[in-house]
$ cat model_9.cif   # mmCIF, N, CA and C atoms
data_run
loop_
_atom_site.group_PDB
_atom_site.id
_atom_site.type_symbol
_atom_site.label_atom_id
_atom_site.label_comp_id
_atom_site.auth_asym_id
_atom_site.auth_seq_id
_atom_site.Cartn_x
_atom_site.Cartn_y
_atom_site.Cartn_z
ATOM 1 N N PHE A 21 -3.694 -4.881 -18.941
ATOM 2 C CA PHE A 21 -3.022 -4.892 -17.661
ATOM 3 C C PHE A 21 -3.126 -3.522 -17.019
ATOM 4 N N GLY A 22 -3.045 -3.512 -15.694
ATOM 5 C CA GLY A 22 -3.063 -2.256 -14.962
ATOM 6 C C GLY A 22 -2.135 -2.341 -13.767
ATOM 7 N N MET A 23 -1.709 -1.187 -13.312
ATOM 8 C CA MET A 23 -0.861 -1.101 -12.123
ATOM 9 C C MET A 23 -1.452 -0.045 -11.204
ATOM 10 N N LEU A 24 -1.580 -0.378 -9.938
ATOM 11 C CA LEU A 24 -2.106 0.554 -8.951
ATOM 12 C C LEU A 24 -1.077 0.712 -7.851
ATOM 13 N N SER A 25 -0.712 1.942 -7.581
ATOM 14 C CA SER A 25 0.217 2.227 -6.492
ATOM 15 C C SER A 25 -0.599 2.482 -5.230
ATOM 16 N N VAL A 26 -0.249 1.791 -4.147
ATOM 17 C CA VAL A 26 -0.980 1.913 -2.887
ATOM 18 C C VAL A 26 -0.053 2.477 -1.819
ATOM 19 N N LYS A 27 -0.471 3.579 -1.212
ATOM 20 C CA LYS A 27 0.245 4.188 -0.089
ATOM 21 C C LYS A 27 -0.561 3.851 1.161
ATOM 22 N N ALA A 28 -0.138 2.821 1.882
ATOM 23 C CA ALA A 28 -0.916 2.268 2.983
ATOM 24 C C ALA A 28 -1.228 3.290 4.071
ATOM 25 N N ARG A 29 -0.306 4.127 4.427
ATOM 26 C CA ARG A 29 -0.517 5.093 5.514
ATOM 27 C C ARG A 29 -1.544 6.160 5.155
ATOM 28 N N SER A 30 -1.799 6.377 3.878
ATOM 29 C CA SER A 30 -2.836 7.328 3.472
ATOM 30 C C SER A 30 -4.230 6.714 3.566
ATOM 31 N N ILE A 31 -4.297 5.390 3.551
ATOM 32 C CA ILE A 31 -5.579 4.694 3.651
ATOM 33 C C ILE A 31 -5.937 4.453 5.109
ATOM 34 N N ASP A 32 -4.983 3.932 5.888
ATOM 35 C CA ASP A 32 -5.200 3.676 7.319
ATOM 36 C C ASP A 32 -3.856 3.735 8.028
ATOM 37 N N SER A 33 -3.630 4.809 8.758
ATOM 38 C CA SER A 33 -2.323 5.023 9.391
ATOM 39 C C SER A 33 -2.063 4.107 10.579
ATOM 40 N N SER A 34 -3.109 3.470 11.123
ATOM 41 C CA SER A 34 -2.915 2.620 12.298
ATOM 42 C C SER A 34 -2.822 1.132 11.960
ATOM 43 N N GLU A 35 -3.177 0.752 10.735
ATOM 44 C CA GLU A 35 -3.203 -0.656 10.332
ATOM 45 C C GLU A 35 -1.851 -1.090 9.766
ATOM 46 N N ASN A 36 -1.590 -2.383 9.860
ATOM 47 C CA ASN A 36 -0.388 -2.972 9.272
ATOM 48 C C ASN A 36 -0.438 -2.758 7.752
ATOM 49 N N PRO A 37 0.615 -2.196 7.152
ATOM 50 C CA PRO A 37 0.604 -1.930 5.707
ATOM 51 C C PRO A 37 0.332 -3.171 4.850
ATOM 52 N N GLU A 38 0.864 -4.324 5.244
ATOM 53 C CA GLU A 38 0.631 -5.550 4.470
ATOM 54 C C GLU A 38 -0.860 -5.888 4.425
ATOM 55 N N LYS A 39 -1.553 -5.673 5.530
ATOM 56 C CA LYS A 39 -2.994 -5.932 5.582
ATOM 57 C C LYS A 39 -3.740 -4.958 4.672
ATOM 58 N N VAL A 40 -3.327 -3.701 4.670
ATOM 59 C CA VAL A 40 -3.950 -2.694 3.800
ATOM 60 C C VAL A 40 -3.770 -3.089 2.333
ATOM 61 N N PHE A 41 -2.585 -3.550 1.962
ATOM 62 C CA PHE A 41 -2.333 -3.977 0.578
ATOM 63 C C PHE A 41 -3.281 -5.110 0.188
ATOM 64 N N ARG A 42 -3.451 -6.085 1.075
ATOM 65 C CA ARG A 42 -4.349 -7.217 0.794
ATOM 66 C C ARG A 42 -5.801 -6.750 0.672
ATOM 67 N N GLN A 43 -6.219 -5.835 1.548
ATOM 68 C CA GLN A 43 -7.595 -5.328 1.506
ATOM 69 C C GLN A 43 -7.875 -4.599 0.194
ATOM 70 N N GLU A 44 -6.936 -3.796 -0.245
ATOM 71 C CA GLU A 44 -7.116 -3.060 -1.500
ATOM 72 C C GLU A 44 -7.126 -4.017 -2.693
ATOM 73 N N ALA A 45 -6.307 -5.056 -2.648
ATOM 74 C CA ALA A 45 -6.300 -6.060 -3.718
ATOM 75 C C ALA A 45 -7.644 -6.787 -3.769
ATOM 76 N N GLU A 46 -8.234 -7.063 -2.607
ATOM 77 C CA GLU A 46 -9.546 -7.722 -2.558
ATOM 78 C C GLU A 46 -10.608 -6.862 -3.238
ATOM 79 N N LYS A 47 -10.554 -5.563 -3.038
ATOM 80 C CA LYS A 47 -11.517 -4.655 -3.678
ATOM 81 C C LYS A 47 -11.393 -4.720 -5.198
ATOM 82 N N LEU A 48 -10.184 -4.859 -5.688
ATOM 83 C CA LEU A 48 -9.956 -4.922 -7.134
ATOM 84 C C LEU A 48 -10.468 -6.223 -7.749
ATOM 85 N N LYS A 49 -10.545 -7.283 -6.946
ATOM 86 C CA LYS A 49 -10.886 -8.610 -7.469
ATOM 87 C C LYS A 49 -12.295 -8.706 -8.028
ATOM 88 N N GLU A 50 -13.152 -7.702 -7.780
ATOM 89 C CA GLU A 50 -14.492 -7.716 -8.365
ATOM 90 C C GLU A 50 -14.420 -7.647 -9.890
ATOM 91 N N LYS A 51 -13.520 -6.824 -10.406
ATOM 92 C CA LYS A 51 -13.435 -6.625 -11.857
ATOM 93 C C LYS A 51 -12.081 -6.979 -12.453
ATOM 94 N N PHE A 52 -11.107 -7.229 -11.589
ATOM 95 C CA PHE A 52 -9.749 -7.494 -12.064
ATOM 96 C C PHE A 52 -9.206 -8.790 -11.478
ATOM 97 N N ALA A 53 -8.316 -9.426 -12.217
ATOM 98 C CA ALA A 53 -7.544 -10.549 -11.693
ATOM 99 C C ALA A 53 -6.253 -9.945 -11.151
ATOM 100 N N VAL A 54 -6.043 -10.076 -9.849
ATOM 101 C CA VAL A 54 -4.832 -9.530 -9.233
ATOM 102 C C VAL A 54 -3.704 -10.527 -9.470
ATOM 103 N N LEU A 55 -2.683 -10.095 -10.183
ATOM 104 C CA LEU A 55 -1.581 -10.976 -10.553
ATOM 105 C C LEU A 55 -0.458 -10.972 -9.524
ATOM 106 N N GLN A 56 -0.197 -9.804 -8.939
ATOM 107 C CA GLN A 56 0.934 -9.710 -8.018
ATOM 108 C C GLN A 56 0.817 -8.446 -7.177
ATOM 109 N N ILE A 57 1.238 -8.553 -5.915
ATOM 110 C CA ILE A 57 1.383 -7.391 -5.036
ATOM 111 C C ILE A 57 2.877 -7.245 -4.782
ATOM 112 N N ILE A 58 3.432 -6.115 -5.189
ATOM 113 C CA ILE A 58 4.879 -5.903 -5.114
ATOM 114 C C ILE A 58 5.188 -4.805 -4.098
ATOM 115 N N PRO A 59 5.737 -5.165 -2.924
ATOM 116 C CA PRO A 59 6.141 -4.127 -1.964
ATOM 117 C C PRO A 59 7.276 -3.291 -2.558
ATOM 118 N N LEU A 60 7.260 -1.994 -2.312
ATOM 119 C CA LEU A 60 8.264 -1.107 -2.897
ATOM 120 C C LEU A 60 9.418 -0.786 -1.951
ATOM 121 N N LYS A 61 9.547 -1.565 -0.865
ATOM 122 C CA LYS A 61 10.706 -1.406 0.016
ATOM 123 C C LYS A 61 11.949 -1.805 -0.748
ATOM 124 N N PRO A 62 13.067 -1.220 -0.591
ATOM 125 C CA PRO A 62 13.458 -0.122 0.294
ATOM 126 C C PRO A 62 13.275 1.248 -0.354
ATOM 127 N N PHE A 63 12.674 1.285 -1.542
ATOM 128 C CA PHE A 63 12.555 2.558 -2.261
ATOM 129 C C PHE A 63 11.511 3.480 -1.635
ATOM 130 N N GLU A 64 10.370 2.920 -1.246
ATOM 131 C CA GLU A 64 9.299 3.690 -0.616
ATOM 132 C C GLU A 64 8.739 2.891 0.554
ATOM 133 N N LYS A 65 8.722 3.481 1.730
ATOM 134 C CA LYS A 65 8.203 2.818 2.926
ATOM 135 C C LYS A 65 6.671 2.777 2.862
ATOM 136 N N ASP A 66 6.102 1.622 3.194
ATOM 137 C CA ASP A 66 4.650 1.420 3.279
ATOM 138 C C ASP A 66 3.918 1.675 1.956
ATOM 139 N N HIS A 67 4.565 1.373 0.837
ATOM 140 C CA HIS A 67 3.968 1.487 -0.489
ATOM 141 C C HIS A 67 4.045 0.120 -1.178
ATOM 142 N N ALA A 68 3.094 -0.128 -2.063
ATOM 143 C CA ALA A 68 3.120 -1.350 -2.871
ATOM 144 C C ALA A 68 2.533 -1.048 -4.244
ATOM 145 N N LEU A 69 2.877 -1.892 -5.189
ATOM 146 C CA LEU A 69 2.336 -1.816 -6.536
ATOM 147 C C LEU A 69 1.502 -3.075 -6.742
ATOM 148 N N ILE A 70 0.257 -2.901 -7.159
ATOM 149 C CA ILE A 70 -0.611 -4.046 -7.430
ATOM 150 C C ILE A 70 -0.740 -4.178 -8.942
ATOM 151 N N LEU A 71 -0.319 -5.313 -9.458
ATOM 152 C CA LEU A 71 -0.394 -5.610 -10.888
ATOM 153 C C LEU A 71 -1.661 -6.428 -11.125
ATOM 154 N N CYS A 72 -2.497 -5.976 -12.069
ATOM 155 C CA CYS A 72 -3.763 -6.671 -12.300
ATOM 156 C C CYS A 72 -4.128 -6.675 -13.784
ATOM 157 N N ARG A 73 -5.140 -7.488 -14.095
ATOM 158 C CA ARG A 73 -5.623 -7.614 -15.471
ATOM 159 C C ARG A 73 -7.151 -7.619 -15.427
ATOM 160 N N LEU A 74 -7.783 -6.936 -16.350
ATOM 161 C CA LEU A 74 -9.235 -6.884 -16.427
ATOM 162 C C LEU A 74 -9.778 -8.287 -16.697
ATOM 163 N N LYS A 75 -10.797 -8.688 -15.917
ATOM 164 C CA LYS A 75 -11.405 -9.999 -16.138
ATOM 165 C C LYS A 75 -12.214 -9.974 -17.421
ATOM 166 N N LYS A 76 -12.253 -11.116 -18.098
ATOM 167 C CA LYS A 76 -13.014 -11.219 -19.355
ATOM 168 C C LYS A 76 -14.432 -11.629 -19.085
#
$ encode --input "model_9.cif" --output "structure tokens"
Amino acid sequence: FGMLSVKARSIDSSENPEKVFRQEAEKLKEKFAVLQIIPLKPFEKDHALILCRLKK
């Protein structure tokens, strides 16, 4: 299993953060099974945690 923290505003400050989270999860899908995207609100604005597992 792996966890990736995504700070949407550091990737694209003009794009909707939810869209950035989905785009980054799509990039991971080449080698990983994305299990869950967890928004970190109210603890961190425009951040998410992507939980994934290496594909066999």
$ resolve_selection --input "model_9.cif" --expression "the PyMOL selection byres (((chain A and resi 41 and name CA) around 8) and name CA)" --output "ChimeraX atom specification"
/A:26,28,37-40,42-45,57,68
$ resolve_selection --input "model_9.cif" --expression "the PyMOL selection byres (((chain A and resi 67 and name CA) around 9) and name CA)" --output "MDAnalysis selection string"
chainID A and resid 25:29 37 41 58:61 63:66 68:69
$ atom_distance --input "model_9.cif" --atom1 "atom N of Cys72 (chain A)" --atom2 "CA of Ser34 (chain A)"
25.8 Å
$ closest_residue --input "model_9.cif" --among "A:Ser33, A:Phe21, A:Glu50, A:Gln56" --to "Ile70 (chain A)" --atoms "all atoms listed in the file"
A:Gln56
$ atom_distance --input "model_9.cif" --atom1 "atom C of Asp32 (chain A)" --atom2 "atom N of Glu46 (chain A)"
15.8 Å
$ select_by_dssp --input "model_9.cif" --residues "chain A" --states "strand (DSSP E or B)" --output "PyMOL selection string"
chain A and resi 22-27+52-59+67-74
$ select_by_dssp --input "model_9.cif" --residues "chain A" --states "helix (DSSP H, G or I)" --output "NGL selection string"
:A and (28-31 or 37-48)
$ axis_aligned_box --input "model_9.cif" --around "region 37-49 of chain A" --padding-each-side "8 Å" --output "lines of an AutoDock Vina configuration file"
center_x = -5.7
center_y = -5.3
center_z = -0.4
size_x = 29.2
size_y = 22.8
size_z = 31.2
$ atom_distance --input "model_9.cif" --atom1 "CA of Leu55 (chain A)" --atom2 "atom N of Asn36 (chain A)"
22.1 Å
